[in-house]
Every structure is written in structure tokens, then in C-alpha cells.
Amino acid sequence: GCAASIDKAVEQGILVLTYDSDSADSSRSYYVNSASDYECGRIFVQDVARDVGEDAKIAIMGGGISAGNQQDRLAGVEDEIEENYPDMEIVATTWSDDDTEVAKQNAENIILANPDLDAIIGISGYEPHSAAAAVEEAVEQGTLEEGSVYITGLTMPDVIRPYIKDGTVQSSYVTEPAHLAYTAVYAANELLNGTEFADGDTFTVEGLDGVEATVTGENIYFGLIKLDSSNVDDYSW
């Protein structure tokens, strides 16, 4: 990991913030993201429970198995199910190493092996649209009933847009990448200029319209964007 390099920089008096993927075991000051990766996992399960049912059979599709953010999201999914939805069942967990073709093949295998599948949760940006492509193909081939598999998770607007527009995906979540980098730099500048953050503080990220960040311990979160048919055309990357 990066902990040793971060620690060396901090020892030399350099302020270090991480963003997108954390190095929590280092001496960095803060981690910046749209939301806690762990809480993201919980949110995805809550969406499935609300929209599909508390006894849904679900598959989890991830990107890089060794990535800390992937493991944190997976832990959030598993804990939310264990604590609040004991009748929900995880029937498969797959990893694509952030390869779209591998992700699509994983989804095809999941669908074939689990005819009673209710939902797919994608915990990496490569997974929801790959799952949607596999679902659409299965529907076209007559091996899956249209609307029978619910898809949610983290994605990117340009790749998920056609699947939201045609109804294969009802909604999914994105992190605005420009907001991610901007908020990290903005927070670093504030700290360098003497601002002290305390747990529970909120602050407006000047220069980003309507973006407010919340300090949670050693984390700074500025909020996920939920995409659906009403706003998917408003975002592009």
C-alpha cells in the first residue's frame, strides 16, 4: 500500500489527504469521498429491500478484490443483510478486476446459475452496466423474464444511461469525479490556511454549486448522486 510513503511525507511536514480509495492505516489527515464505502454497501441493500423485497436473492459484483473500497462496500452489504434483512440471501459474489468483458461474463454466469435471482448489486463502476447488458441479452434470448432482475450500485452516467432509459435499470449511484478531486484540494487548502475541522462539522465547498461536505471523524463526505430517468441526462463522464 501507500502507507509508508504517506507516513514519510507527513514526517516531513507535508499535509496529506487521500480521496477515492483510502490508506486508513497511514498518518494521512483526512479521507475524502462522496460517501463512506461501507455505508454505500448498506444503501444498496436498503434499495433492494425497498424495491424488490426483504427476502430477495442477490448477487454481488465487484471490481478489484484487493481494493480497500471494494472490501468496505462488500462489508457494508453483508452487515446490512445480517443485521436488518436476515431473509435476504447472497447467492454469488464475483470479481472482474475492473474489466467490463469479465464483468459481463460474470453476470451471464450468475443469471444461468441462479434462475431465481432477484437482484444484482454492483460495488464497482464497471459492474452495473455490465450486469444490465447481460440481463438484456438474456431477456432477448428468452431465458429471463423482463424486469425480473433488479440492478443497483455504483456506476458512471454515460455507460448506465441507455439502461436507465430503457428501464433495465431503475436507478444507480455515481460520484462526481470533479467534485471528488475539487473537494479534496479545497479541504487541503482550508487546513493549510488554519481551518480546523471537528467531527460533525459541515462546510460549503466554494466553487461547486450546492455542494456541502460533512466531516465524520477522519473522513470528509460530500454526497452521492442518485441517477434515475429524471436526471441521468444531466450528467456525463
# chains A, B, ... in the order shown; residues from 1 in each chain; ligands from 1

$ residues_around --residues "region 155-172 of chain A" --least-positions-apart "3" --cutoff "9 Å" --atoms "only C-alpha atoms" --output "NGL selection string"
:A and (44 or 122-130 or 132-133 or 135-136 or 146-147 or 149-152 or 175-176 or 225-229 or 232-237)

$ residues_around --residues "Ala198 (chain A)" --least-positions-apart "3" --cutoff "10 Å" --atoms "only C-alpha atoms" --output "NGL selection string"
:A and (195 or 201-202 or 214-218)

$ select_by_dssp --residues "region 52-185 of chain A" --states "alpha helix (DSSP H)" --output "PyMOL selection string"
chain A and resi 68-84+100-113+128-140+157-165+177-185

$ residues_around --residues "region 206-213 of chain A" --least-positions-apart "2" --cutoff "9 Å" --atoms "only C-alpha atoms" --output "PyMOL selection string"
chain A and resi 34+179+182-183+186+201-204+215+220-223

$ residues_around --residues "region 28-33 of chain A" --least-positions-apart "4" --cutoff "9 Å" --atoms "only C-alpha atoms" --output "ChimeraX atom specification"
/A:3,6-7,10,15-24,37,175,180-181,183-184,187-188,217-224

$ closest_residue --among "A:Pro115, A:Gly63, A:Gly68, A:Gly142" --to "Thr93 (chain A)" --atoms "only C-alpha atoms"
A:Gly63

$ atom_distance --atom1 "CA of Thr143 (chain A)" --atom2 "CA of Gln105 (chain A)"
15.5 Å

$ atom_distance --atom1 "CA of Leu117 (chain A)" --atom2 "CA of Val102 (chain A)"
19.5 Å

$ atom_distance --atom1 "CA of Asp87 (chain A)" --atom2 "CA of Ala56 (chain A)"
7.5 Å

$ select_by_dssp --residues "region 100-184 of chain A" --states "strand (DSSP E)" --output "list in words"
Ala119, Ile120, Ile121, Gly122, Tyr150, Ile151, Thr152, Gly153, Ser172, Tyr173 and Val174 of chain A

$ closest_residue --among "A:Leu154, A:Ile60, A:Ile111, A:Val174" --to "Ala75 (chain A)" --atoms "only C-alpha atoms"
A:Ile60

$ closest_residue --among "A:Trp95, A:Tyr85, A:Phe197, A:Tyr173" --to "Cys40 (chain A)" --atoms "only C-alpha atoms"
A:Tyr173

$ closest_residue --among "A:Val52, A:Leu191, A:Val45, A:Ala113" --to "Glu82 (chain A)" --atoms "only C-alpha atoms"
A:Val45
